[in-house]
Every structure is written in structure tokens, then in C-alpha cells.
Amino acid sequence: MRIVLTRREALDSPDGVNIFIVSLAQALSDLGHEVRVVVGSLQSPSEYRRLLAPRLDLPILALSRTPQRGLASATAWIRAKWTIDGFRPDLIIHSEAVPLPLRGTIVQVVHDLEPRSGRLAPVWRSIRRFSTKCSDYVVATTTELRDELVRDLGMPHDQIAMIPKCLDLQVYRSTSLDSRERAILHAGTLPYKDPGATIRSFCALDDPSVGLYIIGNITGSTQAAVDALPCRLRRRVTLLGDADGQTVRSLHGRVRVAAFPTRYTIPVASATVMEAIAAGTPIVGSPRLSRDVLVDGVNGLVVDTNPSAMAAALKAVLNDDALWSRLSEGAGRVVERFDAFRVARKYIELAAARGSQYPNRPSWEPCGKHRAQEQLPFAQRGGQDDHRPRTGTP
């Protein structure tokens with residue numbers, strides 16, 4: 001099959017949607033399908049390779065080098081329609097609303113339903129609802145999102161497919177307890193990731209034998225929370241900033257526990273949580289994590305995010321070898337549902353159910369005068385200007 005994966009936003013950041021797109025595109029390619037990734041922008045191909053560390057050289061069509069909004073974004077996507085239609089895809093997988101009449105089976109994947117703010121918020125909600133209802137299939141990535149979509153769109157449960165996000169599991173490594181460092185990993189410093197809650201819990205734990213790694217942009221509030229720690233604990237904290245993809249994967253498999261005091265309005269499938277699961281690392285997380293990724297007592301502990309409760313749970317996983325082993329084994333069972341090849345086959349089944357609309361399909365090159373390089377300011381393979389990007393190392 002010929003498959004297009006789209007996203008309106010940039011591909012540069014290692015967020016959950018981009019990790020999903022890259023993982024799914026690689027699995028589909030490995031399964032023998034022709035895949036193209038179309039995104040709103042790709043400012044830095046080198047940052048894309050560093051932060052996402054792709055295993056394969058994916059064909060990427062970026063509509064701009066810099067993020068676009070409003071009319072500029074709409075115009076770029078309208079021009080891109082010629083390129084996408086020229087490919088004649090069997091399947092198009094939207095990770096964000098793209099309200100264009102495109103050829104092929106259209107799947108709208110819903111990763112989150114966090115409410116937008118600002119004066120255009122009602123417009124974006126209307127666009128999302130319109131795009132979703134015009135799709136051939138609607139996919140929710142968590143049970144909680146599916147339940148909310150039933151209320152939001154007025155669609156019955158059986159019209160919303162449940163397919164989880166995915167990871168390229170072959171690039172993650174689960175190590176034994178003996179090789180693990182007595183350390184906690186917190187990934188993400190955006191407000192909803194609540195790094196302050198993990199830092200306060202680390203303070204309440206009050207154990208200088210334990211280290212704390214924090215991945216993500218070092219914000220002022222994060223730095224202030226670390227600075228407030230007693231010296232004996234502060235020197236055990238490592239702020240890694242925006243670490244590269246391989247470092248992040250390695251750390252997930254090196255620490256003894258991962259902390260996720262995340263605050264979601266509607267629980268989603270957090271990619272950082274899934275990465276911990278893929279590395280066999282037990283989780284201490286908030287009740288706002290989806291029950292699809294954190295099952296209390298199976299692959300982690302669900303606790304309130306106040307410092308004393310989190311510290312008690314972290315202490316248990318750090319010090320109780322039997323508990324750690326049981327939770328790590330549970331992670332090995334849970335992660336099977338997030339295998340990129342397994343998820344890829346589910347999307348192929350959706351397209352196969354409708355059948356290909358193009359029995360005699362031409363190559364990826366668009367028809368007539370509408371050529372990608374003429375239409376789009378940035379449309380190179382892998383986002384590289386003159387040559388193919390390096391293949392990421394597993």
C-alpha cells in the first residue's frame with residue numbers, strides 16, 4: 001500500500017505525536033509499504049535526527065522551514081494537496097485535523113483533547129470536529145479518549161476504533177536489576193509534566209544514595225525547585241536539558257524507577273511513559289495517566305502527587321527488589337500492545353477493509369506541473385538539503 005502520515009505541526013520536537021509518527025512510518029516501511037510523512041514544518045533536520053534518532057531514512061515532505069499559522073499554513077496545505085493526491089495513497093493517517101478533501105482511506109487519529117485557549121479556540125474546535133466527522137475512520141489512542149469522543153462527537157463506541165500509540169521496540173533495551181542505577185528519571189518539563197512534584201518528592205525521600213535525572217528544557221521554575229533542595233540532595237540531581245533520543249532511551253533502561261506526576265485533563269498515552277515501559281522500568285505515576293499505559297500493581301504504582309505519597313512509592317520501588325522485579329516483568333507484558341509492527345497492521349486492516357481505490361497507481365512524483373520542489377519551500381527526503389540523512393543507530 002501507499003501510505004501518507006500527516007501532522008500540521010513541526011517534526012523537530014520529540015513529543016508523543018512525533019515519536020508515534022516516526023515509529024509507525026518505520027514499521028510500515030519495514031512491512032513493505034510505501035510511506036511518506038507530510039508535516040507543517042521541519043526547521044532543523046539535524047535536530048530531528050538528534051532528538052528523535054530515527055532508525056530509517058524516511059521520506060519527509062515539510063511545507064516550510066519554520067512553523068506557519070493562519071492563512072500561510074492553510075495555503076501551504078492546499079498546495080500540498082496536489083502532491084499528496086499525486087502519490088495516490090491507499091491510506092492517509094492524520095495525527096491532527098487536516099480538513100482537506102484527499103484521496104484514499106482517511107483515518108483521523110485523536111492523540112488528545114486538551115482544550116485550546118485564545119479567541120480562535122472555538123474555530124479550532126469546529127475544524128477538529130469537522131475533520132474528524134469527515135474521516136472514514138476515527139481512532140482513539142486511549143480508552144479515556146474514546147469515551148470522551150463519544151460525548152464530544154455524539155458517535156457510538158463501535159464507530160471509534162481503539163488503536164494505541166506505538167514505539168519502535170527494537171531500539172529499547174530492558175536491563176537487569178543488578179545493572180540498574182539507584183536513580184529516578186523524570187522526562188518532560190512542561191507545566192503539565194509537573195517536574196516540581198518529582199523534585200519535591202525527591203526532597204521528601206531524603207536519600208542521598210538516590211540520583212534524580214530530569215530531561216527537558218531547563219525552565220526557571222525547574223531550576224528554582226532544584227536550587228531549593230538541601231545541598232546533599234541537590235548535588236544528586238542531573239539536569240540534562242533536551243537530551244538526544246539515544247540518551248533518553250539509554251536512561252530509561254538504566255534507572256530503577258520513572259516518575260510521572262503528569263496532569264492531563266483527559267488521560268492520554270504519554271510517549272515518555274511508554275518509553276519507560278519499553279525499557280522494563282517501573283513507573284510511579286499520577287491517576288491522570290491513562291489506565292492503558294499505567295496499571296496499578298502491574299507495571300507501576302498509581303499514587304497521589306503530593307510529596308509524601310510519591311516519596312513512599314518511590315522508596316518502595318527503589319528498595320524492594322521483589323516488587324521491582326514484579327513490576328518490571330509486568331512492563332514487559334504491557335508493552336506488547338505498543339509494538340509498532342502490531343499497531344501498523346491494525347491500520348493496514350482499516351484500509352484493507354475499504355479496499356484500494358487505485359488499482360493502477362503511478363509513482364510518488366506528482367502529476368503535471370504540480371511538483372513538490374516547485375510548490376513547497378522545503379520538500380527534501382528526510383528534511384536534508386542535498387543528501388540523505390544519516391540512519392539513526394538503534
# chains A, B, ... in the order shown; residues from 1 in each chain; ligands from 1
>>> residues_around(residues="range 203-206 of chain A", least_positions_apart="2", cutoff="6 Å", atoms="only C-alpha atoms", output="PDB file with N, CA and C atoms, in the first residue's frame")
ATOM      1  N   ARG A 200      10.021  17.797  44.558  1.00  0.00           N
ATOM      2  CA  ARG A 200       9.550  17.849  45.956  1.00  0.00           C
ATOM      3  C   ARG A 200       9.480  16.452  46.557  1.00  0.00           C
ATOM      4  N   SER A 201       9.090  15.479  45.762  1.00  0.00           N
ATOM      5  CA  SER A 201       9.051  14.095  46.250  1.00  0.00           C
ATOM      6  C   SER A 201      10.460  13.576  46.510  1.00  0.00           C
ATOM      7  N   ALA A 311       6.888  10.020  47.479  1.00  0.00           N
ATOM      8  CA  ALA A 311       8.146   9.576  48.078  1.00  0.00           C
ATOM      9  C   ALA A 311       8.026   8.152  48.604  1.00  0.00           C
TER      10      ALA A 311
END
>>> residues_around(residues="range 177-179 of chain A", least_positions_apart="6", cutoff="10 Å", atoms="only C-alpha atoms", output="list in words")
Gly253, Arg254, Val255, Arg256, Gly280, Thr281, Asp321, Trp324, Ser325 and Ser328 of chain A
>>> residues_around(residues="range 295-304 of chain A", least_positions_apart="4", cutoff="8 Å", atoms="only C-alpha atoms", output="MDAnalysis selection string")
chainID A and resid 277 282:287 291 309:310 313 326:331 334
>>> write_last_selection(atoms="N, CA and C atoms", output="mmCIF file, in the first residue's frame")
data_model
loop_
_atom_site.group_PDB
_atom_site.id
_atom_site.type_symbol
_atom_site.label_atom_id
_atom_site.label_comp_id
_atom_site.auth_asym_id
_atom_site.auth_seq_id
_atom_site.Cartn_x
_atom_site.Cartn_y
_atom_site.Cartn_z
ATOM 1 N N ILE A 277 8.113 1.974 29.900
ATOM 2 C CA ILE A 277 7.578 0.609 29.836
ATOM 3 C C ILE A 277 8.424 -0.244 28.893
ATOM 4 N N PRO A 282 9.848 0.236 36.064
ATOM 5 C CA PRO A 282 8.615 0.503 36.806
ATOM 6 C C PRO A 282 8.321 1.997 36.884
ATOM 7 N N ILE A 283 7.044 2.321 36.980
ATOM 8 C CA ILE A 283 6.575 3.708 36.965
ATOM 9 C C ILE A 283 5.900 4.043 38.281
ATOM 10 N N VAL A 284 6.155 5.238 38.760
ATOM 11 C CA VAL A 284 5.349 5.830 39.824
ATOM 12 C C VAL A 284 4.655 7.021 39.179
ATOM 13 N N GLY A 285 3.328 6.941 39.044
ATOM 14 C CA GLY A 285 2.630 7.954 38.273
ATOM 15 C C GLY A 285 1.318 8.388 38.884
ATOM 16 N N SER A 286 0.793 9.482 38.350
ATOM 17 C CA SER A 286 -0.440 10.070 38.859
ATOM 18 C C SER A 286 -1.662 9.334 38.324
ATOM 19 N N PRO A 287 -2.812 9.523 38.956
ATOM 20 C CA PRO A 287 -4.050 8.921 38.448
ATOM 21 C C PRO A 287 -4.494 9.515 37.119
ATOM 22 N N ARG A 291 -5.104 4.526 32.065
ATOM 23 C CA ARG A 291 -5.010 3.164 32.600
ATOM 24 C C ARG A 291 -4.534 2.180 31.537
ATOM 25 N N ALA A 309 3.241 11.001 49.491
ATOM 26 C CA ALA A 309 2.718 9.803 48.819
ATOM 27 C C ALA A 309 3.674 9.347 47.720
ATOM 28 N N MET A 310 4.153 10.283 46.922
ATOM 29 C CA MET A 310 5.078 9.903 45.856
ATOM 30 C C MET A 310 6.386 9.380 46.424
ATOM 31 N N ALA A 313 6.046 5.781 47.509
ATOM 32 C CA ALA A 313 6.002 4.853 46.380
ATOM 33 C C ALA A 313 7.377 4.709 45.734
ATOM 34 N N ARG A 326 8.725 -7.698 39.936
ATOM 35 C CA ARG A 326 7.343 -7.968 39.525
ATOM 36 C C ARG A 326 6.818 -6.874 38.593
ATOM 37 N N LEU A 327 7.100 -5.621 38.929
ATOM 38 C CA LEU A 327 6.631 -4.511 38.100
ATOM 39 C C LEU A 327 7.361 -4.471 36.758
ATOM 40 N N SER A 328 8.649 -4.791 36.764
ATOM 41 C CA SER A 328 9.411 -4.809 35.520
ATOM 42 C C SER A 328 8.901 -5.904 34.591
ATOM 43 N N GLU A 329 8.598 -7.076 35.155
ATOM 44 C CA GLU A 329 8.022 -8.153 34.348
ATOM 45 C C GLU A 329 6.662 -7.743 33.798
ATOM 46 N N GLY A 330 5.886 -7.028 34.607
ATOM 47 C CA GLY A 330 4.594 -6.532 34.148
ATOM 48 C C GLY A 330 4.736 -5.565 32.987
ATOM 49 N N ALA A 331 5.787 -4.727 33.040
ATOM 50 C CA ALA A 331 6.042 -3.799 31.940
ATOM 51 C C ALA A 331 6.285 -4.560 30.643
ATOM 52 N N VAL A 334 2.860 -5.447 29.327
ATOM 53 C CA VAL A 334 2.064 -4.299 28.890
ATOM 54 C C VAL A 334 2.575 -3.737 27.572
#
>>> select_by_dssp(residues="range 123-351 of chain A", states="strand (DSSP E or B)", output="ChimeraX atom specification")
/A:137-140,160-162,167,181-187,211-215,237-241,255-260,283-285,296,300-302,339
>>> residues_around(residues="range 159-166 of chain A", least_positions_apart="5", cutoff="6 Å", atoms="only C-alpha atoms", output="PDB file with all heavy atoms, in the first residue's frame")
ATOM      1  N   PHE A  20       5.285   8.817  17.709  1.00  0.00           N
ATOM      2  CA  PHE A  20       4.318   7.905  17.096  1.00  0.00           C
ATOM      3  C   PHE A  20       4.477   7.882  15.578  1.00  0.00           C
ATOM      4  O   PHE A  20       4.523   6.807  14.964  1.00  0.00           O
ATOM      5  CB  PHE A  20       2.903   8.349  17.480  1.00  0.00           C
ATOM      6  CG  PHE A  20       1.810   7.789  16.606  1.00  0.00           C
ATOM      7  CD1 PHE A  20       1.353   6.496  16.793  1.00  0.00           C
ATOM      8  CD2 PHE A  20       1.227   8.564  15.600  1.00  0.00           C
ATOM      9  CE1 PHE A  20       0.352   5.971  15.987  1.00  0.00           C
ATOM     10  CE2 PHE A  20       0.228   8.053  14.798  1.00  0.00           C
ATOM     11  CZ  PHE A  20      -0.216   6.755  14.986  1.00  0.00           C
ATOM     12  N   VAL A 138     -12.263   6.978  12.681  1.00  0.00           N
ATOM     13  CA  VAL A 138     -11.754   7.767  13.798  1.00  0.00           C
ATOM     14  C   VAL A 138     -11.083   6.796  14.767  1.00  0.00           C
ATOM     15  O   VAL A 138     -11.666   5.768  15.133  1.00  0.00           O
ATOM     16  CB  VAL A 138     -12.888   8.527  14.519  1.00  0.00           C
ATOM     17  CG1 VAL A 138     -12.334   9.305  15.725  1.00  0.00           C
ATOM     18  CG2 VAL A 138     -13.590   9.471  13.558  1.00  0.00           C
ATOM     19  N   VAL A 139      -9.841   7.120  15.136  1.00  0.00           N
ATOM     20  CA  VAL A 139      -9.069   6.256  16.031  1.00  0.00           C
ATOM     21  C   VAL A 139      -8.762   7.012  17.315  1.00  0.00           C
ATOM     22  O   VAL A 139      -8.208   8.115  17.280  1.00  0.00           O
ATOM     23  CB  VAL A 139      -7.754   5.796  15.370  1.00  0.00           C
ATOM     24  CG1 VAL A 139      -6.839   5.117  16.388  1.00  0.00           C
ATOM     25  CG2 VAL A 139      -8.048   4.859  14.208  1.00  0.00           C
ATOM     26  N   ALA A 140      -9.116   6.439  18.433  1.00  0.00           N
ATOM     27  CA  ALA A 140      -8.724   6.964  19.740  1.00  0.00           C
ATOM     28  C   ALA A 140      -7.528   6.165  20.227  1.00  0.00           C
ATOM     29  O   ALA A 140      -7.475   4.945  20.052  1.00  0.00           O
ATOM     30  CB  ALA A 140      -9.884   6.861  20.729  1.00  0.00           C
ATOM     31  N   THR A 141      -6.565   6.853  20.839  1.00  0.00           N
ATOM     32  CA  THR A 141      -5.350   6.167  21.271  1.00  0.00           C
ATOM     33  C   THR A 141      -5.403   5.696  22.719  1.00  0.00           C
ATOM     34  O   THR A 141      -4.493   4.997  23.161  1.00  0.00           O
ATOM     35  CB  THR A 141      -4.128   7.078  21.071  1.00  0.00           C
ATOM     36  OG1 THR A 141      -4.373   8.346  21.686  1.00  0.00           O
ATOM     37  CG2 THR A 141      -3.854   7.298  19.587  1.00  0.00           C
ATOM     38  N   PHE A 338       1.996  -1.932  22.465  1.00  0.00           N
ATOM     39  CA  PHE A 338       2.515  -0.717  21.828  1.00  0.00           C
ATOM     40  C   PHE A 338       3.556  -1.004  20.746  1.00  0.00           C
ATOM     41  O   PHE A 338       4.184  -0.087  20.229  1.00  0.00           O
ATOM     42  CB  PHE A 338       3.138   0.210  22.882  1.00  0.00           C
ATOM     43  CG  PHE A 338       2.232   0.512  24.037  1.00  0.00           C
ATOM     44  CD1 PHE A 338       2.645   0.297  25.344  1.00  0.00           C
ATOM     45  CD2 PHE A 338       0.954   0.992  23.817  1.00  0.00           C
ATOM     46  CE1 PHE A 338       1.806   0.569  26.410  1.00  0.00           C
ATOM     47  CE2 PHE A 338       0.104   1.271  24.872  1.00  0.00           C
ATOM     48  CZ  PHE A 338       0.529   1.053  26.184  1.00  0.00           C
ATOM     49  N   ASP A 339       3.731  -2.269  20.403  1.00  0.00           N
ATOM     50  CA  ASP A 339       4.696  -2.633  19.376  1.00  0.00           C
ATOM     51  C   ASP A 339       4.306  -2.008  18.042  1.00  0.00           C
ATOM     52  O   ASP A 339       3.160  -2.149  17.579  1.00  0.00           O
ATOM     53  CB  ASP A 339       4.765  -4.151  19.251  1.00  0.00           C
ATOM     54  CG  ASP A 339       5.666  -4.586  18.116  1.00  0.00           C
ATOM     55  OD1 ASP A 339       6.850  -4.236  18.138  1.00  0.00           O
ATOM     56  OD2 ASP A 339       5.157  -5.245  17.183  1.00  0.00           O
ATOM     57  N   ALA A 340       5.227  -1.296  17.399  1.00  0.00           N
ATOM     58  CA  ALA A 340       4.916  -0.565  16.173  1.00  0.00           C
ATOM     59  C   ALA A 340       4.423  -1.482  15.057  1.00  0.00           C
ATOM     60  O   ALA A 340       3.538  -1.102  14.277  1.00  0.00           O
ATOM     61  CB  ALA A 340       6.142   0.222  15.714  1.00  0.00           C
TER      62      ALA A 340
END
>>> atom_distance(atom1="CA of Glu336 in chain A", atom2="CA of Met274 in chain A")
10.7 Å
>>> atom_distance(atom1="CA of Lys133 in chain A", atom2="CA of Leu91 in chain A")
16.7 Å
>>> atom_distance(atom1="CA of Ile215 in chain A", atom2="CA of Thr238 in chain A")
8.7 Å
>>> closest_residue(among="A:Ala62, A:Val248, A:Ala243, A:Ile199", to="Ala224 in chain A", atoms="only C-alpha atoms")
A:Ile199
>>> closest_residue(among="A:Ala225, A:Leu212, A:Leu239, A:Leu145", to="Ile266 in chain A", atoms="only C-alpha atoms")
A:Leu145
>>> residues_around(residues="Ser95 in chain A", least_positions_apart="3", cutoff="12 Å", atoms="only C-alpha atoms", output="PyMOL selection string")
chain A and resi 4-11+16-22+24+37-40+92+98-99+106-112+128+131-132+138-141+165
